[in-house]
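Chemist: Just so it is clear, I am handing over protein-v5.csv, which has CSV, C-alpha atoms and all ligand atoms.
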chain,number,residue,atom,x,y,z
U,733,MET,CA,-0.5,23.8,-10.1
U,734,SER,CA,-2.3,25.2,-7.1
U,735,PRO,CA,-4.5,22.5,-5.6
U,736,ASP,CA,-7.4,25.0,-5.6
U,737,ALA,CA,-7.3,25.7,-9.4
U,738,LYS,CA,-10.5,24.4,-10.9
U,739,GLU,CA,-9.0,24.0,-14.3
U,740,PHE,CA,-5.5,23.7,-15.5
U,741,ALA,CA,-3.3,21.9,-18.1
U,742,VAL,CA,-0.3,19.6,-17.9
U,743,VAL,CA,2.0,19.0,-20.9
U,744,ALA,CA,4.3,16.0,-20.7
U,745,GLY,CA,6.8,14.5,-23.1
U,746,GLY,CA,5.3,11.1,-22.6
U,747,TRP,CA,3.1,9.2,-20.1
U,748,PHE,CA,2.2,5.9,-18.5
U,749,ASP,CA,-1.4,5.3,-17.7
U,750,GLY,CA,-0.7,2.6,-15.1
U,751,GLU,CA,-0.9,-0.2,-17.7
U,752,ARG,CA,0.4,1.1,-21.0
U,753,ARG,CA,3.1,3.6,-22.1
U,754,HIS,CA,2.3,6.4,-24.4
U,755,GLU,CA,5.5,7.7,-25.8
U,756,ALA,CA,4.9,8.6,-29.5
U,757,GLY,CA,5.2,12.4,-28.6
U,758,PRO,CA,4.0,14.9,-26.1
U,759,ALA,CA,0.5,14.9,-24.7
U,760,THR,CA,-1.6,17.7,-23.2
U,761,PHE,CA,-3.9,16.9,-20.2
U,762,VAL,CA,-6.7,19.3,-19.3
U,763,VAL,CA,-7.9,18.8,-15.7
U,764,ARG,CA,-11.2,20.2,-14.5
U,765,ASP,CA,-12.5,19.8,-11.0
U,766,GLY,CA,-10.0,17.0,-10.3
U,767,ARG,CA,-11.0,15.0,-13.3
U,768,ILE,CA,-9.2,14.5,-16.7
U,769,ALA,CA,-11.4,16.5,-19.1
U,770,ASP,CA,-9.2,15.8,-22.1
U,771,ILE,CA,-6.0,14.1,-23.2
U,772,ALA,CA,-4.8,15.4,-26.6
U,773,ALA,CA,-1.8,14.3,-28.5
U,774,GLY,CA,0.7,17.1,-29.0
U,775,ASP,CA,1.8,20.2,-27.1
U,776,HIS,CA,-1.1,22.5,-26.8
U,777,ALA,CA,0.4,24.7,-24.1
U,778,ALA,CA,-0.1,28.0,-26.1
U,779,GLU,CA,-3.7,27.3,-26.8
U,780,CYS,CA,-4.4,26.4,-23.1
U,781,ALA,CA,-2.6,29.6,-22.0
U,782,ARG,CA,-4.8,31.6,-24.3
U,783,ARG,CA,-7.9,30.1,-22.6
U,784,GLY,CA,-6.4,31.3,-19.3
U,785,LEU,CA,-5.3,27.9,-18.0
U,786,ALA,CA,-2.2,27.6,-15.9
U,787,VAL,CA,0.1,25.1,-17.7
U,788,THR,CA,2.6,22.9,-16.0
U,789,ARG,CA,5.3,21.2,-18.1
U,790,GLY,CA,7.3,18.2,-17.4
U,791,GLY,CA,9.1,15.2,-19.0
U,792,TYR,CA,6.8,12.4,-18.0
U,793,LEU,CA,3.4,11.9,-16.4
U,794,MET,CA,2.3,8.8,-14.6
U,795,PRO,CA,-0.3,7.8,-12.0
U,796,GLY,CA,0.4,8.6,-8.3
U,797,LEU,CA,2.2,5.7,-6.6
U,798,VAL,CA,0.4,3.4,-4.2
U,799,ASP,CA,2.1,1.9,-1.1
U,800,ALA,CA,-0.1,-1.1,-0.5
U,801,HIS,CA,1.4,-1.9,2.9
U,802,ALA,CA,2.5,0.7,5.4
U,803,HIS,CA,2.0,1.5,9.1
U,804,LEU,CA,1.6,5.3,9.3
U,805,PHE,CA,1.8,5.5,13.1
U,806,LEU,CA,5.3,3.9,13.0
U,807,ASP,CA,8.4,5.8,12.1
U,808,GLY,CA,10.7,3.8,9.9
U,809,ALA,CA,13.7,6.1,10.2
U,810,PRO,CA,14.9,5.2,13.7
U,811,THR,CA,16.9,1.9,13.7
U,812,ASP,CA,17.6,1.8,17.4
U,813,ALA,CA,15.4,-0.8,19.1
U,814,LYS,CA,15.1,1.3,22.3
U,815,VAL,CA,14.0,4.4,20.3
U,816,ARG,CA,11.5,2.3,18.4
U,817,ALA,CA,10.0,0.9,21.7
U,818,GLU,CA,9.8,4.5,23.2
U,819,HIS,CA,8.0,5.7,20.1
U,820,LEU,CA,5.1,3.2,20.7
U,821,LYS,CA,4.7,4.4,24.3
U,822,GLN,CA,3.9,8.0,23.3
U,823,PRO,CA,0.4,9.4,24.0
U,824,LEU,CA,-2.2,9.0,21.2
U,825,GLU,CA,-2.0,12.6,20.1
U,826,GLN,CA,1.8,12.3,19.5
U,827,LEU,CA,1.4,9.1,17.6
U,828,THR,CA,-1.3,10.7,15.5
U,829,GLY,CA,1.1,13.5,14.8
U,830,ALA,CA,3.7,10.9,13.8
U,831,ALA,CA,1.2,9.3,11.4
U,832,ARG,CA,0.4,12.6,9.8
U,833,ALA,CA,4.1,13.3,9.3
U,834,SER,CA,4.6,9.8,7.8
U,835,ALA,CA,1.7,10.4,5.4
U,836,ARG,CA,3.0,13.9,4.3
U,837,GLN,CA,6.4,12.4,3.7
U,838,ALA,CA,4.9,9.7,1.6
U,839,LEU,CA,3.0,12.2,-0.5
U,840,ALA,CA,6.2,14.3,-1.1
U,841,CYS,CA,7.7,11.1,-2.5
U,842,GLY,CA,4.8,10.7,-5.0
U,843,VAL,CA,2.7,8.3,-3.0
U,844,THR,CA,-0.8,9.5,-3.4
U,845,LEU,CA,-2.5,6.4,-1.8
U,846,VAL,CA,-1.4,4.5,1.2
U,847,ARG,CA,-3.0,1.3,2.4
U,848,ASP,CA,-2.4,1.3,6.1
U,849,ALA,CA,-1.9,-2.3,7.3
U,850,GLY,CA,-3.0,-1.8,10.8
U,851,ASP,CA,-2.5,0.1,14.1
U,852,ARG,CA,-4.0,-0.8,17.4
U,853,HIS,CA,-5.3,2.7,18.1
U,854,GLY,CA,-7.2,3.2,14.8
U,855,ILE,CA,-5.0,6.2,14.0
U,856,ASN,CA,-5.1,5.1,10.4
U,857,ASN,CA,-8.9,5.6,10.3
U,858,ARG,CA,-8.5,9.1,11.7
U,859,ILE,CA,-5.8,10.1,9.1
U,860,ARG,CA,-8.1,8.7,6.4
U,861,GLU,CA,-10.8,11.2,7.5
U,862,GLU,CA,-8.4,14.1,7.7
U,863,ALA,CA,-7.0,13.2,4.2
U,864,ALA,CA,-10.5,13.8,2.6
U,865,ASP,CA,-9.8,17.5,3.1
U,866,PRO,CA,-7.8,18.8,0.1
U,867,ARG,CA,-6.0,21.3,2.4
U,868,SER,CA,-4.7,18.5,4.6
U,869,GLY,CA,-1.6,17.9,2.5
U,870,LEU,CA,-2.1,14.2,3.1
U,871,PRO,CA,-2.3,11.3,0.6
U,872,ARG,CA,-5.4,9.2,0.4
U,873,VAL,CA,-5.5,6.5,3.0
U,874,ARG,CA,-7.2,3.1,2.6
U,875,SER,CA,-7.3,1.9,6.2
U,876,GLY,CA,-7.0,-1.6,7.7
U,877,GLY,CA,-7.9,0.0,11.0
U,878,LEU,CA,-7.3,-2.5,13.7
U,879,GLY,CA,-6.8,-6.1,12.5
U,880,VAL,CA,-7.6,-9.4,14.1
U,881,LYS,CA,-5.2,-11.9,15.7
U,882,ARG,CA,-5.3,-14.9,17.9
U,883,ALA,CA,-5.2,-14.0,21.6
U,884,LYS,CA,-1.7,-14.2,23.1
U,885,ARG,CA,0.0,-14.4,19.7
U,886,TYR,CA,2.0,-12.0,17.5
U,887,GLY,CA,0.5,-8.7,16.3
U,888,ALA,CA,-0.6,-6.7,19.3
U,889,PHE,CA,0.6,-3.4,17.9
U,890,MET,CA,-1.9,-3.7,15.0
U,891,ALA,CA,-4.6,-6.2,15.9
U,892,ALA,CA,-7.3,-7.1,18.4
U,893,ASP,CA,-7.6,-10.6,20.0
U,894,VAL,CA,-10.2,-13.0,18.8
U,895,ASP,CA,-10.7,-16.6,19.8
U,896,ASP,CA,-13.7,-18.8,19.1
U,897,ALA,CA,-16.0,-18.6,16.1
U,898,ASP,CA,-18.5,-16.2,17.8
U,899,SER,CA,-15.7,-13.8,18.8
U,900,ILE,CA,-14.4,-13.9,15.2
U,901,ARG,CA,-17.9,-13.1,13.8
U,902,GLU,CA,-18.5,-10.3,16.3
U,903,SER,CA,-15.1,-8.6,16.0
U,904,VAL,CA,-14.9,-8.8,12.2
U,905,ALA,CA,-18.5,-7.3,11.9
U,906,ALA,CA,-17.6,-4.6,14.3
U,907,LEU,CA,-14.3,-3.7,12.6
U,908,ALA,CA,-16.0,-3.7,9.2
U,909,GLN,CA,-17.9,-0.6,10.4
U,910,SER,CA,-14.8,1.5,10.2
U,911,ASN,CA,-12.1,-0.4,8.3
U,912,ASP,CA,-11.8,-0.4,4.5
U,913,GLU,CA,-10.3,-3.9,4.7
U,914,ILE,CA,-10.1,-6.5,7.4
U,915,LYS,CA,-6.5,-7.4,8.2
U,916,LEU,CA,-5.9,-10.8,9.7
U,917,ILE,CA,-2.6,-11.9,11.4
U,918,LEU,CA,-2.4,-15.4,10.1
U,919,THR,CA,1.2,-16.2,11.2
U,920,GLY,CA,4.0,-14.8,13.3
U,921,ILE,CA,7.1,-13.2,11.9
U,922,ILE,CA,10.2,-14.9,10.5
U,923,ASP,CA,12.7,-16.2,13.0
U,924,PHE,CA,15.8,-14.9,11.2
U,925,GLU,CA,18.2,-16.8,13.4
U,926,ALA,CA,16.4,-20.0,12.5
U,927,GLY,CA,15.9,-18.9,8.9
U,928,ALA,CA,12.3,-20.0,9.1
U,929,VAL,CA,8.8,-19.3,10.3
U,930,THR,CA,8.8,-21.5,13.4
U,931,ASP,CA,5.4,-21.1,15.0
U,932,GLU,CA,2.1,-22.6,13.9
U,933,PRO,CA,-0.5,-20.5,12.0
U,934,GLN,CA,-2.8,-18.5,14.3
U,935,PHE,CA,-6.0,-19.7,12.5
U,936,SER,CA,-7.1,-22.9,10.9
U,937,LEU,CA,-8.4,-23.0,7.3
U,938,GLU,CA,-12.0,-23.1,8.7
U,939,GLU,CA,-11.4,-20.1,10.9
U,940,THR,CA,-9.6,-18.2,8.2
U,941,ARG,CA,-12.6,-18.9,5.9
U,942,LEU,CA,-14.9,-17.6,8.6
U,943,ILE,CA,-12.9,-14.4,8.8
U,944,VAL,CA,-13.0,-14.0,5.0
U,945,ASP,CA,-16.7,-14.8,4.7
U,946,THR,CA,-17.8,-12.6,7.6
U,947,ALA,CA,-15.8,-9.7,6.2
U,948,ARG,CA,-17.2,-10.3,2.7
U,949,ALA,CA,-20.8,-10.4,4.1
U,950,CYS,CA,-20.0,-6.9,5.6
U,951,GLY,CA,-18.8,-5.7,2.2
U,952,ARG,CA,-15.1,-5.8,3.1
U,953,PRO,CA,-12.1,-7.5,1.5
U,954,THR,CA,-9.4,-9.1,3.6
U,955,PHE,CA,-5.6,-9.0,3.7
U,956,ALA,CA,-3.5,-11.5,5.6
U,957,HIS,CA,-0.1,-11.0,7.3
U,958,CYS,CA,1.4,-14.4,6.4
U,959,SER,CA,4.7,-16.1,5.9
U,960,GLY,CA,5.7,-19.7,5.9
U,961,ALA,CA,4.4,-22.6,3.9
U,962,LYS,CA,1.6,-23.7,6.3
U,963,GLY,CA,0.1,-20.3,6.7
U,964,LEU,CA,0.4,-19.5,3.0
U,965,ALA,CA,-1.4,-22.7,2.0
U,966,ILE,CA,-4.3,-21.7,4.4
U,967,ALA,CA,-4.4,-18.1,3.1
U,968,ALA,CA,-4.5,-19.1,-0.6
U,969,ALA,CA,-7.1,-21.8,0.0
U,970,ALA,CA,-9.3,-19.5,2.1
U,971,GLY,CA,-9.3,-16.9,-0.7
U,972,VAL,CA,-8.1,-13.9,1.3
U,973,GLY,CA,-8.0,-10.7,-0.8
U,974,SER,CA,-4.2,-10.4,-0.6
U,975,ILE,CA,-1.3,-12.1,1.1
U,976,GLU,CA,1.1,-9.7,2.8
U,977,HIS,CA,4.9,-10.5,3.0
U,978,GLY,CA,4.5,-14.1,1.9
U,979,PHE,CA,8.0,-15.2,2.6
U,980,PHE,CA,8.8,-18.9,1.9
U,981,MET,CA,6.3,-18.9,-1.0
U,982,ASP,CA,6.1,-22.0,-3.3
U,983,ARG,CA,4.8,-22.7,-6.8
U,984,GLY,CA,1.7,-24.7,-5.6
U,985,THR,CA,0.6,-21.8,-3.4
U,986,LEU,CA,1.1,-19.3,-6.3
U,987,ALA,CA,-1.1,-21.5,-8.6
U,988,LEU,CA,-3.8,-21.5,-5.9
U,989,MET,CA,-3.5,-17.7,-5.5
U,990,ARG,CA,-3.9,-17.2,-9.2
U,991,ASP,CA,-6.9,-19.5,-9.3
U,992,ASN,CA,-8.5,-17.9,-6.2
U,993,GLN,CA,-7.6,-14.4,-7.3
U,994,VAL,CA,-5.5,-13.8,-4.2
U,995,ALA,CA,-3.1,-10.9,-4.7
U,996,TRP,CA,0.5,-10.7,-3.3
U,997,THR,CA,2.3,-7.9,-1.6
U,998,PRO,CA,5.8,-9.2,-1.1
U,999,THR,CA,7.3,-6.3,1.0
U,1000,PHE,CA,11.1,-6.9,0.5
U,1001,CYS,CA,12.1,-3.7,2.3
U,1002,PRO,CA,12.1,-4.7,6.0
U,1003,VAL,CA,14.1,-7.9,5.4
U,1004,TYR,CA,16.4,-6.2,2.9
U,1005,PHE,CA,17.2,-3.5,5.5
U,1006,GLN,CA,18.2,-6.1,8.1
U,1007,TRP,CA,20.4,-7.9,5.5
U,1008,ALA,CA,22.0,-4.6,4.4
U,1009,HIS,CA,22.4,-3.3,8.0
U,1010,PRO,CA,22.9,-6.4,10.2
U,1011,GLU,CA,24.6,-4.1,12.8
U,1012,ALA,CA,21.2,-2.5,13.6
U,1013,VAL,CA,20.0,-5.7,15.2
U,1014,GLY,CA,23.4,-7.4,15.8
U,1015,TRP,CA,22.9,-10.3,13.5
U,1016,SER,CA,25.6,-12.9,13.2
U,1017,PRO,CA,27.2,-13.8,9.8
U,1018,GLN,CA,25.1,-17.0,9.9
U,1019,THR,CA,21.8,-15.0,10.2
U,1020,VAL,CA,22.9,-12.6,7.5
U,1021,GLY,CA,23.3,-15.7,5.3
U,1022,HIS,CA,19.7,-16.7,6.2
U,1023,LEU,CA,18.5,-13.2,5.3
U,1024,ARG,CA,20.2,-13.4,1.9
U,1025,ARG,CA,18.8,-16.8,1.2
U,1026,ILE,CA,15.3,-15.7,2.2
U,1027,LEU,CA,15.6,-12.6,-0.1
U,1028,ASP,CA,16.9,-14.6,-3.1
U,1029,ASP,CA,14.1,-17.1,-2.6
U,1030,HIS,CA,11.5,-14.3,-2.4
U,1031,ALA,CA,12.9,-12.7,-5.6
U,1032,ARG,CA,12.6,-16.0,-7.5
U,1033,HIS,CA,9.0,-16.5,-6.4
U,1034,LEU,CA,8.2,-12.9,-7.3
U,1035,GLN,CA,9.4,-13.5,-10.8
U,1036,LEU,CA,7.5,-16.8,-10.9
U,1037,ALA,CA,4.3,-15.1,-9.6
U,1038,HIS,CA,4.6,-12.5,-12.4
U,1039,GLU,CA,5.0,-15.2,-15.0
U,1040,MET,CA,2.0,-17.2,-13.6
U,1041,GLY,CA,-0.3,-14.2,-13.6
U,1042,VAL,CA,-0.7,-13.6,-9.9
U,1043,VAL,CA,-1.8,-10.0,-9.2
U,1044,LEU,CA,1.1,-8.2,-7.6
U,1045,LEU,CA,0.8,-5.2,-5.3
U,1046,LEU,CA,3.8,-3.1,-4.4
U,1047,GLY,CA,4.0,-2.5,-0.7
U,1048,THR,CA,6.9,-1.6,1.6
U,1049,ASP,CA,5.9,-2.2,5.2
U,1050,ALA,CA,7.1,1.4,5.8
U,1051,GLY,CA,7.3,2.1,9.5
U,1052,SER,CA,9.3,-1.1,10.1
U,1053,MET,CA,12.9,-0.7,11.2
U,1054,GLY,CA,14.8,1.2,8.5
U,1055,VAL,CA,11.8,1.4,6.1
U,1056,ARG,CA,11.1,5.1,5.6
U,1057,HIS,CA,7.6,6.2,4.4
U,1058,GLY,CA,7.5,7.2,0.8
U,1059,HIS,CA,11.2,6.7,0.1
U,1060,ALA,CA,10.8,3.0,0.5
U,1061,VAL,CA,8.6,2.7,-2.6
U,1062,PHE,CA,11.6,3.5,-4.7
U,1063,GLU,CA,13.6,0.9,-2.8
U,1064,GLU,CA,10.9,-1.7,-3.3
U,1065,ILE,CA,10.8,-0.9,-7.0
U,1066,VAL,CA,14.6,-1.6,-7.1
U,1067,ARG,CA,14.0,-5.0,-5.4
U,1068,TYR,CA,11.4,-5.9,-8.1
U,1069,ALA,CA,14.0,-4.9,-10.8
U,1070,GLU,CA,16.6,-7.1,-9.1
U,1071,ALA,CA,14.2,-10.0,-9.1
U,1072,GLY,CA,14.1,-9.6,-12.9
U,1073,LEU,CA,10.8,-7.8,-13.4
U,1074,GLY,CA,10.8,-4.9,-15.8
U,1075,LEU,CA,10.2,-1.4,-14.5
U,1076,GLU,CA,6.8,-1.5,-16.3
U,1077,ALA,CA,5.7,-4.5,-14.2
U,1078,ALA,CA,6.9,-2.8,-11.0
U,1079,LEU,CA,5.2,0.5,-11.8
U,1080,HIS,CA,2.0,-1.4,-12.7
U,1081,ALA,CA,2.1,-3.1,-9.3
U,1082,ALA,CA,2.7,0.3,-7.7
U,1083,THR,CA,-0.2,2.0,-9.5
U,1084,ALA,CA,-3.0,0.4,-11.6
U,1085,ALA,CA,-2.8,-3.1,-10.1
U,1086,ALA,CA,-3.4,-1.7,-6.6
U,1087,ARG,CA,-6.2,0.6,-7.7
U,1088,ARG,CA,-8.0,-2.2,-9.5
U,1089,HIS,CA,-7.5,-4.6,-6.6
U,1090,PHE,CA,-9.1,-1.9,-4.3
U,1091,GLY,CA,-12.0,-1.5,-6.6
U,1092,LEU,CA,-11.3,2.3,-7.2
U,1093,ALA,CA,-13.4,4.1,-9.8
U,1094,SER,CA,-10.3,5.4,-11.7
U,1095,PRO,CA,-7.7,2.6,-11.8
U,1096,VAL,CA,-5.7,4.1,-14.7
U,1097,LEU,CA,-5.1,7.7,-16.0
U,1098,ALA,CA,-7.9,8.1,-18.6
U,1099,LYS,CA,-10.2,10.7,-19.9
U,1100,GLY,CA,-13.1,11.2,-17.5
U,1101,GLY,CA,-11.2,9.7,-14.6
U,1102,GLU,CA,-9.7,11.2,-11.5
U,1103,PHE,CA,-6.4,13.1,-12.0
U,1104,ASP,CA,-4.1,11.4,-9.5
U,1105,ALA,CA,-0.7,11.8,-10.9
U,1106,LEU,CA,3.0,12.6,-10.8
U,1107,LEU,CA,5.0,14.7,-13.1
U,1108,LEU,CA,8.7,13.6,-13.5
U,1109,ALA,CA,11.6,15.4,-15.1
U,1110,ALA,CA,12.1,12.6,-17.6
U,1111,SER,CA,10.8,9.1,-18.4
U,1112,PRO,CA,11.5,6.7,-15.6
U,1113,PHE,CA,12.0,4.0,-18.3
U,1114,GLY,CA,15.0,5.9,-19.5
U,1115,ASN,CA,16.2,7.1,-16.0
U,1116,PRO,CA,14.5,5.4,-13.1
U,1117,THR,CA,16.1,7.8,-10.5
U,1118,CYS,CA,13.6,10.4,-11.8
U,1119,LEU,CA,11.1,8.6,-9.6
U,1120,ARG,CA,12.9,9.7,-6.5
U,1121,GLN,CA,12.1,13.4,-7.1
U,1122,PRO,CA,8.7,14.1,-8.6
U,1123,GLN,CA,8.3,17.7,-9.9
U,1124,ALA,CA,4.6,17.8,-9.0
U,1125,VAL,CA,2.2,15.5,-7.3
U,1126,TRP,CA,-1.6,15.7,-7.6
U,1127,ALA,CA,-3.6,13.4,-5.1
U,1128,ALA,CA,-7.2,12.6,-5.8
U,1129,ARG,CA,-9.4,13.2,-2.8
U,1130,THR,CA,-12.4,11.1,-3.2
U,1131,THR,CA,-12.1,7.6,-1.8
U,1132,GLY,CA,-13.2,4.2,-3.1
U,1133,PRO,CA,-16.0,2.2,-1.4
U,1134,ARG,CA,-16.7,4.2,1.8
U,1135,PRO,CA,-17.2,2.6,5.1
U,1136,MET,CA,-20.3,3.0,7.2
U,1137,HIS,CA,-19.4,5.2,10.1
U,1138,ALA,CA,-20.5,4.0,13.5
U,1139,ASP,CA,-19.7,7.4,15.1
U,1140,ALA,CA,-21.5,9.3,12.3
U,1141,SER,CA,-24.7,7.4,13.0
U,1142,ASP,CA,-24.2,8.0,16.7
U,1143,ARG,CA,-24.0,11.7,16.0
U,1144,ASP,CA,-27.2,11.5,13.9
U,1145,LEU,CA,-29.0,9.8,16.8
U,1146,SER,CA,-27.9,12.4,19.3
U,1147,MET,CA,-29.1,15.2,16.9
U,1148,ASN,CA,-32.6,13.6,16.8
U,1149,LYS,CA,-33.0,13.6,20.6
M,1,ZN,ZN,3.1,-4.7,8.1
Please, can you express the file's structure as structure tokens?
Modeler:
Amino acid sequence: MSPDAKEFAVVAGGWFDGERRHEAGPATFVVRDGRIADIAAGDHAAECARRGLAVTRGGYLMPGLVDAHAHLFLDGAPTDAKVRAEHLKQPLEQLTGAARASARQALACGVTLVRDAGDRHGINNRIREEAADPRSGLPRVRSGGLGVKRAKRYGAFMAADVDDADSIRESVAALAQSNDEIKLILTGIIDFEAGAVTDEPQFSLEETRLIVDTARACGRPTFAHCSGAKGLAIAAAAGVGSIEHGFFMDRGTLALMRDNQVAWTPTFCPVYFQWAHPEAVGWSPQTVGHLRRILDDHARHLQLAHEMGVVLLLGTDAGSMGVRHGHAVFEEIVRYAEAGLGLEAALHAATAAARRHFGLASPVLAKGGEFDALLLAASPFGNPTCLRQPQAVWAARTTGPRPMHADASDRDLSMNK
């Protein structure tokens, strides 16, 4: 199980490839140089051991989990507003250390790939570079770098200001140099006391299309922070890559999302936390009622999205108040289950669906593909709590489509002087 072993075997009682369950009997995986060299039905541990391979045994094998929405530089554990505000004031090196700790914690929980949904310092890009080293102990990071937002509107902790069409083109093209995806802050957050999104979208349909098209021309997909009917209609019509949060969803928007291949990352966790712990913010019983109604409505639309064939990505918004990196993936899976989705659908959203959406070369566990996997004590389909404590985690190191690096080319230039 040493990460340095070039070749080893894993014997599991059953396995999930990210899309299908294989539970007719045990299977033996032979892994060579980080890739699945063979998958054989049956328990071939003795034969593998004779060939000198280290063999790890477990109840169930499945792909590493993907948290499609997290903010590594934020610590979700503190729930005191003052402590959270102080955290953000720390020097860059401390915040980078916090991001590293968040990423390690996620990996220990079985999250082998994190899509970071933005930080204003670009710490996520730095953690992504560090994670390429197998000795880093970090999960793979797909980075939203710094996002774009309307000047003077919500999102300063994760996005840069843009205003007119020229500044949109300029900023998106510049950010595309280092970000894997371009994040746009399309709306503000929910006003829980009002029980609604009360401000107007930050960008018009034309402006949102300009962001999407400019990013696409630079080879980058987009993802939109968005809640509320007006913003959702814009995001779906503009064909962003995925809608993040998406509270106050409706059937018409879901139909447009399906037709325009817009994925949805519902992120129940931060709202659920505030409903379950209203004392952390001091919410009144009336606001707690709004939170419950918002969560129930979200659950209904998640089920509807699933039935309609909208691509679902499981993301937690870890780093938000009370949303702990790694641990939150299990909580989000529970929210999917409460909404009426089977565990198979939730685990698909937390594994293969995200990898396919990101365009990764190995979206499922298959012969010839990367070995990016979790070993569990038993089948999660029999005992979901097994997901809380993976026995072993193997994170693939190579990344998907690599960004062009502005600083790398700078270095090349200086070397040519
Ligand atoms: Zn977020």
Chemist: Around ligand ZN 1 (chain M), out to 7 Å and counting all atoms listed in the file, which residues are there? I want them as a ChimeraX atom specification.
Modeler: /U:801-803,849,1049
Chemist: Print the selection's residues with C-alpha atoms to a file, as an mmCIF file, in the frame of the given file.
Modeler:
data_model
loop_
_atom_site.group_PDB
_atom_site.id
_atom_site.type_symbol
_atom_site.label_atom_id
_atom_site.label_comp_id
_atom_site.auth_asym_id
_atom_site.auth_seq_id
_atom_site.Cartn_x
_atom_site.Cartn_y
_atom_site.Cartn_z
ATOM 1 C CA HIS U 801 1.400 -1.900 2.900
ATOM 2 C CA ALA U 802 2.500 0.700 5.400
ATOM 3 C CA HIS U 803 2.000 1.500 9.100
ATOM 4 C CA ALA U 849 -1.900 -2.300 7.300
ATOM 5 C CA ASP U 1049 5.900 -2.200 5.200
#
Chemist: If we count all atoms listed in the file and set the cut-off at 6 Å, which residues sit around segment 786-800 of chain U, ignoring sequence neighbours fewer than 3 positions away in its own chain? Please answer as a ChimeraX atom specification.
Modeler: /U:740-749,842-847,1046-1047,1082-1083,1104-1111
Chemist: So which one's closest to Glu925 of chain U, U:Ile975, U:Ala1085, U:Val1020, U:Ala1077? Using only C-alpha atoms, please.
Modeler: U:Val1020
Chemist: Do a neighbour search on Arg752 of chain U at 10 Å with all atoms listed in the file, toss out local chain neighbours closer than 2 positions, and write the hits as a compact mmCIF listing (two decimals) with C-alpha atoms, keeping the file's coordinate frame.
Modeler:
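The new file result07.txt reads:
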# COMPACT_ATOMS: atom_id res chain seq x y z
CA TRP U 747 3.10 9.20 -20.10
CA PHE U 748 2.20 5.90 -18.50
CA ASP U 749 -1.40 5.30 -17.70
CA GLY U 750 -0.70 2.60 -15.10
CA HIS U 754 2.30 6.40 -24.40
CA GLU U 755 5.50 7.70 -25.80
CA GLU U 1076 6.80 -1.50 -16.30
CA HIS U 1080 2.00 -1.40 -12.70
CA VAL U 1096 -5.70 4.10 -14.70
CA LEU U 1097 -5.10 7.70 -16.00
Chemist: At what distance in Å, to one decimal, does atom CA of Pro1010 of chain U lie from atom CA of Phe1062 of chain U?
Modeler: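 So the answer is 21.2 Å.
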Chemist: Gly920 of chain U: which residues within 9 Å, counting all atoms listed in the file, same-chain residues fewer than 3 positions away excluded, as a ChimeraX atom specification?
Modeler: /U:885-887,917,923,929-934,957-959
Chemist: Counting all atoms listed in the file, figure out which residue out of U:Met989, U:Ala905, U:Ala831, U:Val894 gets nearest to Leu870 of chain U.
Modeler: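 Closest to Leu870 of chain U, using all atoms listed in the file: U:Ala831.
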Chemist: Determine, counting only C-alpha atoms, which protein, DNA and RNA residues have an atom within 8 Å of an atom of Asp775 of chain U; residues of the same chain fewer than 2 positions away are not included. Present the result as a PDB file with C-alpha atoms, in the frame of the given file.
Modeler:
ATOM      1  CA  VAL U 743       2.000  19.000 -20.900  1.00  0.00           C
ATOM      2  CA  PRO U 758       4.000  14.900 -26.100  1.00  0.00           C
ATOM      3  CA  ALA U 759       0.500  14.900 -24.700  1.00  0.00           C
ATOM      4  CA  THR U 760      -1.600  17.700 -23.200  1.00  0.00           C
ATOM      5  CA  ALA U 773      -1.800  14.300 -28.500  1.00  0.00           C
ATOM      6  CA  ALA U 777       0.400  24.700 -24.100  1.00  0.00           C
TER       7      ALA U 777
END
Chemist: Considering all atoms listed in the file, can you say which of U:Leu839, U:Ala781, U:Leu804, U:Ile921 comes closest to Ala1128 of chain U?
Modeler: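 Nearest candidate to Ala1128 of chain U out of U:Leu839, U:Ala781, U:Leu804, U:Ile921: U:Leu839.
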Chemist: What's the 8 Å shell around Gly766 of chain U, counting only C-alpha atoms, without same-chain residues fewer than 6 positions away, as a ChimeraX atom specification?
Modeler: /U:738,1102-1103,1128
Chemist: In Å to one decimal, how far is atom CA of Glu739 of chain U from atom CA of Arg782 of chain U?
Modeler: 13.2 Å
Chemist: Using only C-alpha atoms, which residue out of U:Ala830, U:Val904, U:Val815, U:Ala1078 lies closest to Val1061 of chain U?
Modeler: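 Of all the options, U:Ala1078 lies closest to Val1061 of chain U.
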Chemist: Have a look at atom CA of Cys780 of chain U and atom CA of Gln1123 of chain U and let me know their distance in Å, one decimal.
Modeler: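 Value for the atom CA of Cys780 of chain U-atom CA of Gln1123 of chain U distance: 20.3 Å.
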